[in-house]
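Engineer: For reference, the structure I am asking about is given below.
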Amino acid sequence: MNWLTNYVRPKILQLVRPRDESENLWVKCPQCGHMIFHKDLKRTFRVCSYCNHHLRLSARMRLAMLFDDNGFTCIELPQTDPDPLKFRDMKRYVDRLREAQNQTGEHDAIIVAHGTMGGIPVVVAVFNVEFLRGSMGTAVGEGLVAAAELAILQEAPLVVVPAASGLRMQEGVLSLMQMARTTIAVDKVKEKGLPFLVVLTNPTLGGVAGSFAMLGDIVLAEPGAMIGFSGTRVVEQTMHEKVPEDFQRAEYLLSHGMLDMVVPRSQLRDVLLKLVKLLRYPLPPGEVIDLLSRTELPPLFENPPVPSSSPSVSPEQPEAV
Amino acid sequence: MPKPLYLDFEQPVAELEGRIEELRHLSGDDPGGVTVAEEVARLKTRMEKQIRLIYGRLTPWQRTQVARHPERPHCLNYINGLIENFTPLAGDRIFGEDTAITGGLGRFRGRSVMVLGHEKGHDTESRVHHAFGMPRPEGYRKAERLMRLADHFKLPVITLIDTAGAYPDIEAEARGQARAIACCLETCLDLRVPFISVIIGEGGSGGALALAAANTVLMLENAVYSVISPEGCAAALWPSGGQVQMAAEALRLTATDLLALGVVDAIVPEPLGGAHRTPAEAIANVETALNNALRELTTLEGGILRARRREKFLRMGREPWEP
Ligand SMILES: [Zn+2]
């Protein structure tokens with residue numbers, strides 16, 4: 001239990017609140033250009049009521065949207081070396097990190113919370129794309145490992161909502177290794193038979209898409225979300241041509257077999273809840289698990305195998321429509 | 001109401017039903033038409049007798065036509081009628097989403113199940129959308145994925161079989177149709193959960209069996225299930241042509257023959273005049289049969305379900321058969 005009591009200490013990192021958009025009373029929809037009143041945008045969880053464009057939703061608003069009204073508890077994530085490579089580009093990575101922390105009021109690009117959804121305990125890990133573009137480094141990887149362990153401990157489904165530009169360059173190959181580490185983390189959840197559900201949001205790219213995010217038992221995505229491994233620009237440079245408008249969008253992935261469903265934000269909670277209920281409460285009301293009443297297995301071969309004397313069948317022809 | 005579609009051997013029924021409709025039209029203008037009502041009742045009795053007569057001696061080729069009847073309830077009609085909270089799932093995670101096979105999670109009588117099957121569509125638009133219920137490799141790979149998912153969460157699998165066969169085109173072959181069917185079949189035979197298949201219409205060869213190697217295979221009274229279509233068989237073995245009726249007979253593709261052969265485990269009765277005449281009744285009969293089968297299978301442990309399923313298929317064809 002010691003790690004749990006360590007991890008689940010009430011969050012204290014919220015002393016600095018992130019910039020609040022509601023100071024701007026009107027928000028311009030990046031798709032259709034309509035000006036939307038901030039309260040309307042809040043009510044729709046930031047979906048444009050004119051063109052249905054799904055604007056960026058903060059991790060905390062996402063959590064509030066998914067959990068029951070009685071709220072959720074964020075767990076404190078394990079400490080990791082903040083700058084393992086002593087990395088420096090135009091700026092020192094430690095400074096970038098501190099800046100992002102001050103700006104967002106978050107520790108890193110992931111928040112892990114537990115609570116109930118429709119009364120059912122769930123663990124939800126949400127990426128915060130405003131934190132260094134949601135990139136995955138050691139802290140995010142550690143967050144997913146903690147989320148997986150918490151789900152197993154609570155015997156709860158794990159829901160992960162990635163929103164990431166990819167891996168965090170400033171942590172070099174250690175970021176790359178998070179692809180392997182997060183894969184192990186979610187596989188542990190799956191091995192326990194607990195549902196691992198993924199909601200891909202805009203954007204889910206690079207090494208995040210190339211690891212745990214595509215390994216969900218069921219994979220959902222928000223409309224229009226950009227999802228893929230290579231960035232659009234890189235693809236265009238390779239091909240020397242423009243990619244189609246819908247390329248790497250959620251709907252494109254759906255028709256290419258990569259997703260189970262594209263779910264509008266307004267229905268996301270309901271769909272997740274329905275899936276969680278179907279997978280966690282499979283038996284009809286009042287029925288106890290009946291797999292224990294085992295039956296004796298009859299011998300595999302009642303008669304010894306004999307050479308087949310069945311009439312020969314003509315080679316199968318393809319059939320007309 | 002759109003004019004119902006009659007098969008050619010249903011013509012006597014069509015005539016009687018037409019006359020009944022005419023009389024009903026008349027009695028609408030003349031509310032005191034007691035004699036009209038009597039006549040309608042008389043015609044109805046005659047019609048039922050006629051249906052009983054025709055359906056009591058359907059030839060295998062006629063049954064094939066009933067099995068393919070466009071107004072017969074299809075996969076999605078059964079899903080809508082029997083599965084609550086149906087949540088369709090999509091994609092093979094490799095290449096595409098094949099709508100020839102539809103499937104997802106839902107509840108059958110309160111119990112979570114994975115239900116999937118071939119969907120033929122009900123009008124031109126939906127038939128094209130569902131590729132006439134003829135899957136390409138991505139359809140079989142999706143089916144395999146959904147069955148594995150059910151196995152992982154220990155949920156029973158129900159498949160609804162209704163296909164002329166796997167889609168025969170270059171694309172499908174290039175993407176490994178044979179391998180996709182083989183793997184899907186292998187998965188059917190590996191599941192450690194209760195697995196029931198219902199042949200609801202056409203069981204067209206490997207494209208059907210790929211989803212139908214189940215613990216319990218139920219078959220609707222007028223469904224057909226065969227290694228090849230009567231047309232294909234006739235073309236191959238009666239090169240002079242025109243022997244499709246003989247081919248249908250020789251193939252032993254009807255439910256009664258397949259029950260005797262041990263290929264199917266039970267026959268689900270259809271309403272008078274076939275499932276297309278009263279779809280709701282056909283769907284209700286399937287519900288009862290599914291419920292009985294499921295009640296039996298859910299008492300068995302996973303390893304036993306798997307072993308029994310494999311043993312059943314190994315045993316097929318070993319015992320002498322009486323037509
Ligand atoms: Zn808009």
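In the structure tokens, chains take the letters A, B, ... in the order shown, each chain's residues start at 1, and ligands count up from 1 in the order shown.
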Give as a list in words the residues surrounding ligand 1 up to a distance of 9 Å, considering only C-alpha atoms and all ligand atoms.

Structural biologist: Lys28, Cys29, Pro30, Gln31, Cys32, Gly33, His34, Met35, Ile36, Val47, Cys48, Ser49, Tyr50, Cys51, Asn52, His53, His54 and Leu55 of chain A

Engineer: Taking all heavy atoms for each residue, export the selection above as a tab-separated table (two decimals), in the first residue's frame.

Structural biologist:
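Output file result14.tsv is given in full below:
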chain	number	residue	atom	x	y	z
A	28	LYS	N	-13.13	32.87	-30.90
A	28	LYS	CA	-13.37	32.68	-32.33
A	28	LYS	C	-13.16	31.21	-32.68
A	28	LYS	O	-12.12	30.63	-32.35
A	28	LYS	CB	-12.40	33.54	-33.13
A	28	LYS	CG	-12.73	33.59	-34.60
A	28	LYS	CD	-11.80	34.56	-35.31
A	28	LYS	CE	-12.10	34.55	-36.81
A	28	LYS	NZ	-11.18	35.38	-37.56
A	29	CYS	N	-14.16	30.60	-33.33
A	29	CYS	CA	-14.02	29.20	-33.74
A	29	CYS	C	-12.96	29.11	-34.83
A	29	CYS	O	-13.06	29.79	-35.85
A	29	CYS	CB	-15.34	28.64	-34.26
A	29	CYS	SG	-15.15	27.02	-35.04
A	30	PRO	N	-11.93	28.29	-34.60
A	30	PRO	CA	-10.85	28.22	-35.58
A	30	PRO	C	-11.30	27.61	-36.91
A	30	PRO	O	-10.60	27.74	-37.91
A	30	PRO	CB	-9.79	27.34	-34.91
A	30	PRO	CG	-10.49	26.64	-33.81
A	30	PRO	CD	-11.72	27.41	-33.45
A	31	GLN	N	-12.43	26.96	-36.92
A	31	GLN	CA	-12.88	26.34	-38.17
A	31	GLN	C	-13.81	27.25	-38.98
A	31	GLN	O	-13.58	27.51	-40.14
A	31	GLN	CB	-13.55	25.00	-37.90
A	31	GLN	CG	-14.02	24.31	-39.18
A	31	GLN	CD	-14.08	22.82	-39.03
A	31	GLN	OE1	-13.08	22.14	-38.77
A	31	GLN	NE2	-15.28	22.28	-39.17
A	32	CYS	N	-14.89	27.72	-38.32
A	32	CYS	CA	-15.88	28.48	-39.09
A	32	CYS	C	-15.78	29.98	-38.85
A	32	CYS	O	-16.42	30.76	-39.55
A	32	CYS	CB	-17.29	27.99	-38.78
A	32	CYS	SG	-17.87	28.41	-37.12
A	33	GLY	N	-14.98	30.38	-37.87
A	33	GLY	CA	-14.75	31.79	-37.65
A	33	GLY	C	-15.83	32.50	-36.84
A	33	GLY	O	-15.70	33.68	-36.54
A	34	HIS	N	-16.90	31.80	-36.50
A	34	HIS	CA	-17.94	32.41	-35.67
A	34	HIS	C	-17.38	32.80	-34.31
A	34	HIS	O	-16.53	32.11	-33.76
A	34	HIS	CB	-19.09	31.42	-35.46
A	34	HIS	CG	-20.20	31.58	-36.45
A	34	HIS	ND1	-20.32	30.78	-37.57
A	34	HIS	CD2	-21.24	32.44	-36.49
A	34	HIS	CE1	-21.38	31.14	-38.25
A	34	HIS	NE2	-21.96	32.14	-37.63
A	35	MET	N	-17.90	33.89	-33.77
A	35	MET	CA	-17.54	34.25	-32.40
A	35	MET	C	-18.52	33.54	-31.46
A	35	MET	O	-19.73	33.63	-31.64
A	35	MET	CB	-17.64	35.77	-32.20
A	35	MET	CG	-16.69	36.57	-33.12
A	35	MET	SD	-14.94	36.12	-32.91
A	35	MET	CE	-14.61	36.82	-31.30
A	36	ILE	N	-17.96	32.83	-30.48
A	36	ILE	CA	-18.81	32.06	-29.57
A	36	ILE	C	-18.63	32.63	-28.16
A	36	ILE	O	-17.50	32.85	-27.72
A	36	ILE	CB	-18.44	30.57	-29.57
A	36	ILE	CG1	-18.19	30.07	-31.01
A	36	ILE	CG2	-19.52	29.74	-28.92
A	36	ILE	CD1	-17.47	28.75	-31.06
A	47	VAL	N	-17.35	22.67	-27.84
A	47	VAL	CA	-17.70	22.26	-29.20
A	47	VAL	C	-18.44	23.44	-29.83
A	47	VAL	O	-19.38	23.97	-29.23
A	47	VAL	CB	-18.59	21.01	-29.21
A	47	VAL	CG1	-19.03	20.68	-30.63
A	47	VAL	CG2	-17.84	19.82	-28.60
A	48	CYS	N	-18.01	23.86	-31.01
A	48	CYS	CA	-18.64	25.00	-31.68
A	48	CYS	C	-20.08	24.65	-32.04
A	48	CYS	O	-20.33	23.64	-32.70
A	48	CYS	CB	-17.86	25.38	-32.93
A	48	CYS	SG	-18.72	26.63	-33.91
A	49	SER	N	-21.02	25.49	-31.60
A	49	SER	CA	-22.42	25.19	-31.86
A	49	SER	C	-22.81	25.55	-33.29
A	49	SER	O	-23.89	25.22	-33.74
A	49	SER	CB	-23.31	25.91	-30.85
A	49	SER	OG	-22.85	27.22	-30.66
A	50	TYR	N	-21.92	26.22	-34.01
A	50	TYR	CA	-22.22	26.57	-35.41
A	50	TYR	C	-21.77	25.47	-36.37
A	50	TYR	O	-22.49	25.07	-37.26
A	50	TYR	CB	-21.55	27.89	-35.78
A	50	TYR	CG	-22.04	29.04	-34.94
A	50	TYR	CD1	-21.33	29.46	-33.81
A	50	TYR	CD2	-23.23	29.69	-35.24
A	50	TYR	CE1	-21.79	30.50	-33.02
A	50	TYR	CE2	-23.70	30.73	-34.46
A	50	TYR	CZ	-22.96	31.13	-33.35
A	50	TYR	OH	-23.42	32.15	-32.57
A	51	CYS	N	-20.54	24.98	-36.17
A	51	CYS	CA	-20.01	24.02	-37.15
A	51	CYS	C	-19.61	22.70	-36.51
A	51	CYS	O	-19.08	21.81	-37.19
A	51	CYS	CB	-18.80	24.61	-37.86
A	51	CYS	SG	-17.34	24.71	-36.82
A	52	ASN	N	-19.84	22.55	-35.21
A	52	ASN	CA	-19.56	21.30	-34.51
A	52	ASN	C	-18.06	21.01	-34.40
A	52	ASN	O	-17.65	19.89	-34.10
A	52	ASN	CB	-20.26	20.13	-35.23
A	52	ASN	CG	-20.50	18.97	-34.28
A	52	ASN	OD1	-20.71	19.20	-33.08
A	52	ASN	ND2	-20.45	17.76	-34.78
A	53	HIS	N	-17.25	22.00	-34.66
A	53	HIS	CA	-15.80	21.81	-34.49
A	53	HIS	C	-15.49	21.55	-33.02
A	53	HIS	O	-16.02	22.21	-32.13
A	53	HIS	CB	-15.05	23.05	-34.98
A	53	HIS	CG	-13.57	22.95	-34.84
A	53	HIS	ND1	-12.82	22.06	-35.56
A	53	HIS	CD2	-12.70	23.62	-34.04
A	53	HIS	CE1	-11.55	22.18	-35.22
A	53	HIS	NE2	-11.44	23.13	-34.30
A	54	HIS	N	-14.63	20.57	-32.77
A	54	HIS	CA	-14.24	20.25	-31.40
A	54	HIS	C	-12.97	21.02	-31.05
A	54	HIS	O	-11.89	20.69	-31.54
A	54	HIS	CB	-14.03	18.75	-31.24
A	54	HIS	CG	-15.31	17.97	-31.18
A	54	HIS	ND1	-16.30	18.11	-32.12
A	54	HIS	CD2	-15.77	17.07	-30.28
A	54	HIS	CE1	-17.32	17.32	-31.81
A	54	HIS	NE2	-17.02	16.67	-30.69
A	55	LEU	N	-13.13	22.07	-30.26
A	55	LEU	CA	-11.98	22.86	-29.84
A	55	LEU	C	-11.21	22.12	-28.76
A	55	LEU	O	-11.72	21.17	-28.15
A	55	LEU	CB	-12.41	24.23	-29.32
A	55	LEU	CG	-12.83	25.27	-30.37
A	55	LEU	CD1	-14.26	25.03	-30.82
A	55	LEU	CD2	-12.68	26.67	-29.81

Engineer: Any idea which chain B residues end up within 9 Å of chain A if we count only C-alpha atoms, as a short mmCIF file (atom, residue, chain, number, x, y, z; two decimals) with N, CA, C and O atoms, in the first residue's frame please?

Structural biologist:
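Once everything was written out, this is iface.cif:
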data_model
loop_
_atom_site.label_atom_id
_atom_site.label_comp_id
_atom_site.auth_asym_id
_atom_site.auth_seq_id
_atom_site.Cartn_x
_atom_site.Cartn_y
_atom_site.Cartn_z
N ASN B 85 -28.64 -2.25 -26.03
CA ASN B 85 -27.37 -1.50 -25.89
C ASN B 85 -26.36 -1.89 -26.95
O ASN B 85 -25.15 -1.91 -26.68
N THR B 87 -23.61 -1.81 -29.38
CA THR B 87 -22.55 -0.83 -29.60
C THR B 87 -21.65 -1.36 -30.70
O THR B 87 -20.79 -2.19 -30.46
N PRO B 88 -21.88 -0.91 -31.92
CA PRO B 88 -21.09 -1.46 -33.03
C PRO B 88 -19.62 -1.11 -32.90
O PRO B 88 -19.28 0.00 -32.48
N LEU B 89 -18.77 -2.05 -33.25
CA LEU B 89 -17.32 -1.82 -33.23
C LEU B 89 -16.82 -2.01 -34.66
O LEU B 89 -17.41 -2.75 -35.44
N ALA B 90 -15.74 -1.32 -34.96
CA ALA B 90 -15.34 -1.29 -36.37
C ALA B 90 -13.86 -1.54 -36.55
O ALA B 90 -13.05 -1.33 -35.64
N GLY B 91 -13.53 -1.98 -37.76
CA GLY B 91 -12.14 -1.96 -38.20
C GLY B 91 -11.33 -3.20 -37.90
O GLY B 91 -11.52 -3.86 -36.89
N ASP B 92 -10.41 -3.50 -38.83
CA ASP B 92 -9.54 -4.66 -38.64
C ASP B 92 -8.19 -4.27 -38.07
O ASP B 92 -7.36 -5.12 -37.80
N ARG B 93 -7.96 -2.96 -37.89
CA ARG B 93 -6.69 -2.42 -37.38
C ARG B 93 -5.54 -2.70 -38.33
O ARG B 93 -4.38 -2.61 -37.94
N ILE B 94 -5.88 -3.04 -39.57
CA ILE B 94 -4.84 -3.32 -40.54
C ILE B 94 -5.06 -2.52 -41.81
O ILE B 94 -4.18 -1.82 -42.28
N PHE B 95 -6.26 -2.62 -42.35
CA PHE B 95 -6.49 -2.01 -43.65
C PHE B 95 -7.78 -1.23 -43.75
O PHE B 95 -7.82 -0.14 -44.30
N GLY B 96 -8.86 -1.80 -43.24
CA GLY B 96 -10.13 -1.12 -43.48
C GLY B 96 -11.25 -1.55 -42.57
O GLY B 96 -11.07 -2.36 -41.66
N GLU B 97 -12.39 -0.95 -42.84
CA GLU B 97 -13.61 -1.31 -42.14
C GLU B 97 -14.54 -1.91 -43.18
O GLU B 97 -14.93 -1.25 -44.14
N ASP B 98 -14.88 -3.18 -43.02
CA ASP B 98 -15.70 -3.89 -43.99
C ASP B 98 -17.11 -4.00 -43.44
O ASP B 98 -17.37 -4.72 -42.48
N LEU B 105 -20.68 -5.03 -29.33
CA LEU B 105 -21.10 -5.48 -28.01
C LEU B 105 -22.56 -5.13 -27.80
O LEU B 105 -23.07 -4.18 -28.37
N GLY B 106 -23.21 -5.90 -26.95
CA GLY B 106 -24.59 -5.60 -26.61
C GLY B 106 -25.07 -6.62 -25.58
O GLY B 106 -24.29 -7.46 -25.13
N ARG B 107 -26.34 -6.49 -25.22
CA ARG B 107 -26.88 -7.45 -24.25
C ARG B 107 -27.98 -8.29 -24.88
O ARG B 107 -28.90 -7.76 -25.49
N PHE B 108 -27.85 -9.60 -24.69
CA PHE B 108 -28.92 -10.51 -25.07
C PHE B 108 -29.56 -10.99 -23.77
O PHE B 108 -28.91 -11.62 -22.95
N ARG B 109 -30.82 -10.64 -23.57
CA ARG B 109 -31.54 -10.95 -22.33
C ARG B 109 -30.69 -10.60 -21.11
O ARG B 109 -30.53 -11.40 -20.18
N GLY B 110 -30.11 -9.42 -21.12
CA GLY B 110 -29.38 -8.91 -19.96
C GLY B 110 -27.93 -9.30 -19.91
O GLY B 110 -27.16 -8.74 -19.13
N ARG B 111 -27.51 -10.26 -20.74
CA ARG B 111 -26.14 -10.75 -20.67
C ARG B 111 -25.30 -10.10 -21.76
O ARG B 111 -25.71 -10.07 -22.92
N SER B 112 -24.12 -9.59 -21.39
CA SER B 112 -23.24 -9.00 -22.40
C SER B 112 -22.78 -10.08 -23.37
O SER B 112 -22.34 -11.14 -22.95
N VAL B 113 -22.86 -9.77 -24.65
CA VAL B 113 -22.41 -10.71 -25.68
C VAL B 113 -21.69 -9.92 -26.78
O VAL B 113 -21.85 -8.72 -26.91
N PHE B 132 -23.28 -6.52 -50.33
CA PHE B 132 -24.15 -7.69 -50.46
C PHE B 132 -23.86 -8.78 -49.42
O PHE B 132 -24.15 -9.94 -49.62
N MET B 134 -20.99 -9.82 -48.59
CA MET B 134 -19.85 -10.65 -49.02
C MET B 134 -18.56 -10.01 -48.54
O MET B 134 -18.08 -9.02 -49.12
N GLU B 138 -10.60 -7.76 -44.78
CA GLU B 138 -10.70 -6.89 -43.59
C GLU B 138 -11.95 -7.22 -42.77
O GLU B 138 -11.96 -7.04 -41.56
N LYS B 142 -11.67 -8.25 -38.99
CA LYS B 142 -12.45 -7.57 -37.95
C LYS B 142 -13.18 -8.61 -37.11
O LYS B 142 -13.17 -8.55 -35.87
N LEU B 149 -11.67 -10.33 -28.74
CA LEU B 149 -12.05 -9.38 -27.70
C LEU B 149 -13.07 -10.03 -26.76
O LEU B 149 -12.98 -9.91 -25.54
N HIS B 152 -11.36 -12.51 -24.58
CA HIS B 152 -10.59 -11.82 -23.55
C HIS B 152 -11.48 -11.40 -22.38
O HIS B 152 -11.10 -11.52 -21.21
N PHE B 153 -12.68 -10.92 -22.68
CA PHE B 153 -13.57 -10.47 -21.61
C PHE B 153 -14.57 -11.55 -21.21
O PHE B 153 -15.53 -11.28 -20.50
N LYS B 154 -14.37 -12.77 -21.68
CA LYS B 154 -15.20 -13.92 -21.33
C LYS B 154 -16.67 -13.71 -21.66
O LYS B 154 -17.56 -14.03 -20.88
N LEU B 155 -16.93 -13.14 -22.81
CA LEU B 155 -18.31 -12.91 -23.24
C LEU B 155 -18.69 -13.91 -24.31
O LEU B 155 -17.90 -14.21 -25.20
N ALA B 164 -23.68 -15.01 -49.54
CA ALA B 164 -23.49 -15.84 -50.72
C ALA B 164 -22.08 -16.40 -50.75
O ALA B 164 -21.80 -17.38 -51.41
N GLY B 165 -21.19 -15.76 -50.01
CA GLY B 165 -19.80 -16.20 -49.95
C GLY B 165 -18.88 -15.01 -49.76
O GLY B 165 -19.32 -13.87 -49.72
N ALA B 166 -17.59 -15.29 -49.66
CA ALA B 166 -16.61 -14.22 -49.55
C ALA B 166 -16.55 -13.46 -50.87
O ALA B 166 -16.85 -14.00 -51.92
N TYR B 167 -16.17 -12.18 -50.81
CA TYR B 167 -16.18 -11.35 -52.01
C TYR B 167 -15.09 -11.80 -52.98
O TYR B 167 -13.92 -11.82 -52.63
N PRO B 168 -15.47 -12.15 -54.21
CA PRO B 168 -14.46 -12.67 -55.13
C PRO B 168 -13.92 -11.60 -56.07
O PRO B 168 -14.35 -11.53 -57.21
N GLY B 204 -23.06 -19.52 -47.35
CA GLY B 204 -22.32 -19.72 -48.58
C GLY B 204 -20.87 -20.10 -48.34
O GLY B 204 -20.00 -19.25 -48.25
N SER B 205 -20.64 -21.37 -48.20
CA SER B 205 -19.29 -21.93 -48.25
C SER B 205 -18.33 -21.37 -47.18
O SER B 205 -18.74 -21.01 -46.08
N VAL B 227 -21.48 -26.06 -49.61
CA VAL B 227 -20.10 -25.83 -50.03
C VAL B 227 -20.05 -24.91 -51.24
O VAL B 227 -19.05 -24.25 -51.51
N ILE B 228 -21.14 -24.87 -51.98
CA ILE B 228 -21.18 -24.04 -53.19
C ILE B 228 -22.64 -23.74 -53.49
O ILE B 228 -23.53 -24.50 -53.08
N SER B 229 -22.91 -22.67 -54.20
CA SER B 229 -24.29 -22.35 -54.55
C SER B 229 -24.79 -23.36 -55.57
O SER B 229 -24.00 -23.92 -56.33
N GLU B 231 -26.22 -22.80 -58.29
CA GLU B 231 -25.84 -22.32 -59.62
C GLU B 231 -24.39 -22.70 -59.94
O GLU B 231 -24.08 -23.19 -61.03
N GLY B 232 -23.51 -22.45 -58.96
CA GLY B 232 -22.09 -22.75 -59.15
C GLY B 232 -21.87 -24.23 -59.35
O GLY B 232 -21.09 -24.66 -60.22
N CYS B 233 -22.58 -25.02 -58.56
CA CYS B 233 -22.45 -26.46 -58.63
C CYS B 233 -22.94 -26.97 -59.98
O CYS B 233 -22.28 -27.80 -60.63
N ALA B 236 -20.54 -26.27 -62.74
CA ALA B 236 -19.32 -27.06 -62.71
C ALA B 236 -19.57 -28.52 -63.09
O ALA B 236 -18.75 -29.13 -63.76
N LEU B 237 -20.69 -29.08 -62.63
CA LEU B 237 -20.87 -30.52 -62.77
C LEU B 237 -21.90 -30.93 -63.83
O LEU B 237 -22.00 -32.10 -64.18
N THR B 298 -23.51 -21.64 -21.05
CA THR B 298 -22.91 -20.79 -20.02
C THR B 298 -22.61 -21.56 -18.74
O THR B 298 -21.98 -21.03 -17.84
N THR B 299 -23.05 -22.82 -18.65
CA THR B 299 -22.68 -23.60 -17.46
C THR B 299 -21.32 -24.26 -17.65
O THR B 299 -20.80 -24.86 -16.73
N LEU B 300 -20.75 -24.17 -18.83
CA LEU B 300 -19.50 -24.88 -19.11
C LEU B 300 -18.29 -23.97 -19.01
O LEU B 300 -18.33 -22.80 -19.39
N GLU B 301 -17.21 -24.55 -18.54
CA GLU B 301 -15.95 -23.82 -18.38
C GLU B 301 -15.30 -23.66 -19.76
O GLU B 301 -15.54 -24.46 -20.69
N GLY B 302 -14.46 -22.62 -19.91
CA GLY B 302 -13.90 -22.25 -21.22
C GLY B 302 -13.17 -23.37 -21.95
O GLY B 302 -13.39 -23.60 -23.14
N ILE B 304 -13.51 -26.52 -21.66
CA ILE B 304 -14.44 -27.55 -22.10
C ILE B 304 -15.22 -27.10 -23.33
O ILE B 304 -15.43 -27.87 -24.27
N ALA B 307 -12.84 -27.55 -26.21
CA ALA B 307 -12.61 -28.96 -26.55
C ALA B 307 -13.84 -29.58 -27.20
O ALA B 307 -13.74 -30.31 -28.19
N ARG B 308 -15.01 -29.28 -26.66
CA ARG B 308 -16.24 -29.87 -27.21
C ARG B 308 -16.51 -29.40 -28.63
O ARG B 308 -16.98 -30.14 -29.47
N ARG B 310 -14.28 -28.43 -30.83
CA ARG B 310 -13.33 -29.07 -31.76
C ARG B 310 -13.71 -30.52 -32.00
O ARG B 310 -13.68 -31.01 -33.13
N GLU B 311 -14.10 -31.17 -30.91
CA GLU B 311 -14.47 -32.57 -31.01
C GLU B 311 -15.69 -32.75 -31.91
O GLU B 311 -15.76 -33.69 -32.71
N LEU B 314 -14.55 -32.58 -35.42
CA LEU B 314 -13.75 -33.75 -35.79
C LEU B 314 -14.63 -34.96 -36.06
O LEU B 314 -14.32 -35.81 -36.88
N ARG B 315 -15.74 -35.01 -35.35
CA ARG B 315 -16.61 -36.17 -35.46
C ARG B 315 -17.45 -36.17 -36.74
O ARG B 315 -17.93 -37.21 -37.18
N GLY B 317 -19.11 -36.45 -40.19
CA GLY B 317 -18.87 -37.28 -41.36
C GLY B 317 -18.39 -38.67 -41.04
O GLY B 317 -18.20 -39.49 -41.92
N ARG B 318 -18.15 -38.95 -39.74
CA ARG B 318 -17.64 -40.28 -39.39
C ARG B 318 -18.74 -41.31 -39.29
O ARG B 318 -18.52 -42.49 -39.49
#

Engineer: Report as an NGL selection string all protein, DNA and RNA residues lying within 9 Å of stretch 66-73 of chain A, evaluated on only C-alpha atoms, omitting residues in the same chain fewer than 5 positions from it.

Structural biologist: :A and (8 or 10-11 or 61 or 112-119 or 122 or 124 or 268-270 or 272)

Engineer: What does the distance from atom CA of B:Asp169 to atom CA of B:Val115 come to in Å, to one decimal?

Structural biologist: 26.9 Å

Engineer: I'd like the contact shell of A:Pro78 - 8 Å cut-off, only C-alpha atoms, skipping same-chain residues fewer than 4 positions apart - returned as a PDB file with N, CA, C and O atoms, in the first residue's frame.

Structural biologist:
ATOM      1  N   TYR A   7       1.225   7.971  -3.742  1.00  0.00           N
ATOM      2  CA  TYR A   7       0.764   8.547  -5.002  1.00  0.00           C
ATOM      3  C   TYR A   7      -0.537   9.314  -4.836  1.00  0.00           C
ATOM      4  O   TYR A   7      -0.814  10.237  -5.573  1.00  0.00           O
ATOM      5  N   ALA A 139       8.161  11.592 -17.320  1.00  0.00           N
ATOM      6  CA  ALA A 139       7.102  11.868 -16.344  1.00  0.00           C
ATOM      7  C   ALA A 139       5.749  11.369 -16.851  1.00  0.00           C
ATOM      8  O   ALA A 139       4.967  10.787 -16.100  1.00  0.00           O
ATOM      9  N   GLU A 142       5.783   7.622 -16.694  1.00  0.00           N
ATOM     10  CA  GLU A 142       5.606   7.201 -15.303  1.00  0.00           C
ATOM     11  C   GLU A 142       4.150   7.385 -14.881  1.00  0.00           C
ATOM     12  O   GLU A 142       3.592   6.581 -14.143  1.00  0.00           O
ATOM     13  N   GLY A 143       3.526   8.446 -15.380  1.00  0.00           N
ATOM     14  CA  GLY A 143       2.120   8.693 -15.080  1.00  0.00           C
ATOM     15  C   GLY A 143       1.243   7.569 -15.598  1.00  0.00           C
ATOM     16  O   GLY A 143       0.323   7.109 -14.914  1.00  0.00           O
ATOM     17  N   ALA A 146       1.731   4.529 -13.464  1.00  0.00           N
ATOM     18  CA  ALA A 146       0.995   4.689 -12.203  1.00  0.00           C
ATOM     19  C   ALA A 146      -0.502   4.497 -12.428  1.00  0.00           C
ATOM     20  O   ALA A 146      -1.192   3.855 -11.620  1.00  0.00           O
TER      21      ALA A 146
END

Engineer: From a backbone DSSP assignment, name each residue in stretch 187-280 of chain A labelled helix (DSSP H, G or I), as a PyMOL selection string.

Structural biologist: chain A and resi 187-191+206-209+212-214+232-239+250-255+265-280

Engineer: How would you write, as a VMD selection string, the set of residues in stretch 91-130 of chain B that DSSP gives as strand (DSSP E or B)?

Structural biologist: chain B and resid 101 to 108 111 to 118

Engineer: Do you know which residues are at most 7 Å from stretch 209-211 of chain B counting only C-alpha atoms, after dropping those on the same chain fewer than 3 positions away, and could you put them as a PyMOL selection string?

Structural biologist: chain B and resi 159+181+184-185+188+205-206

Engineer: Just how far from atom CA of B:Gly201 is atom CA of B:Arg127, in Å to one decimal?

Structural biologist: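 Pair atom CA of B:Arg127 / atom CA of B:Gly201 returns 15.1 Å.
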
Engineer: Which neighbours of B:Ile196 fall inside 12 Å, counting only C-alpha atoms, when residues of the same chain fewer than 6 positions from it are skipped, and could you give them as a ChimeraX atom specification?

Structural biologist: /B:113-117,147,155-161,188-189,211-219,264-266,286-287,289-298,305,309

Engineer: Can you tell me, as number ranges by chain, what residues are no more than 9 Å from A:Arg62 when counting only C-alpha atoms, ignoring any on the same chain fewer than 5 positions away?

Structural biologist: A: 45, 57, 67, 126, 161
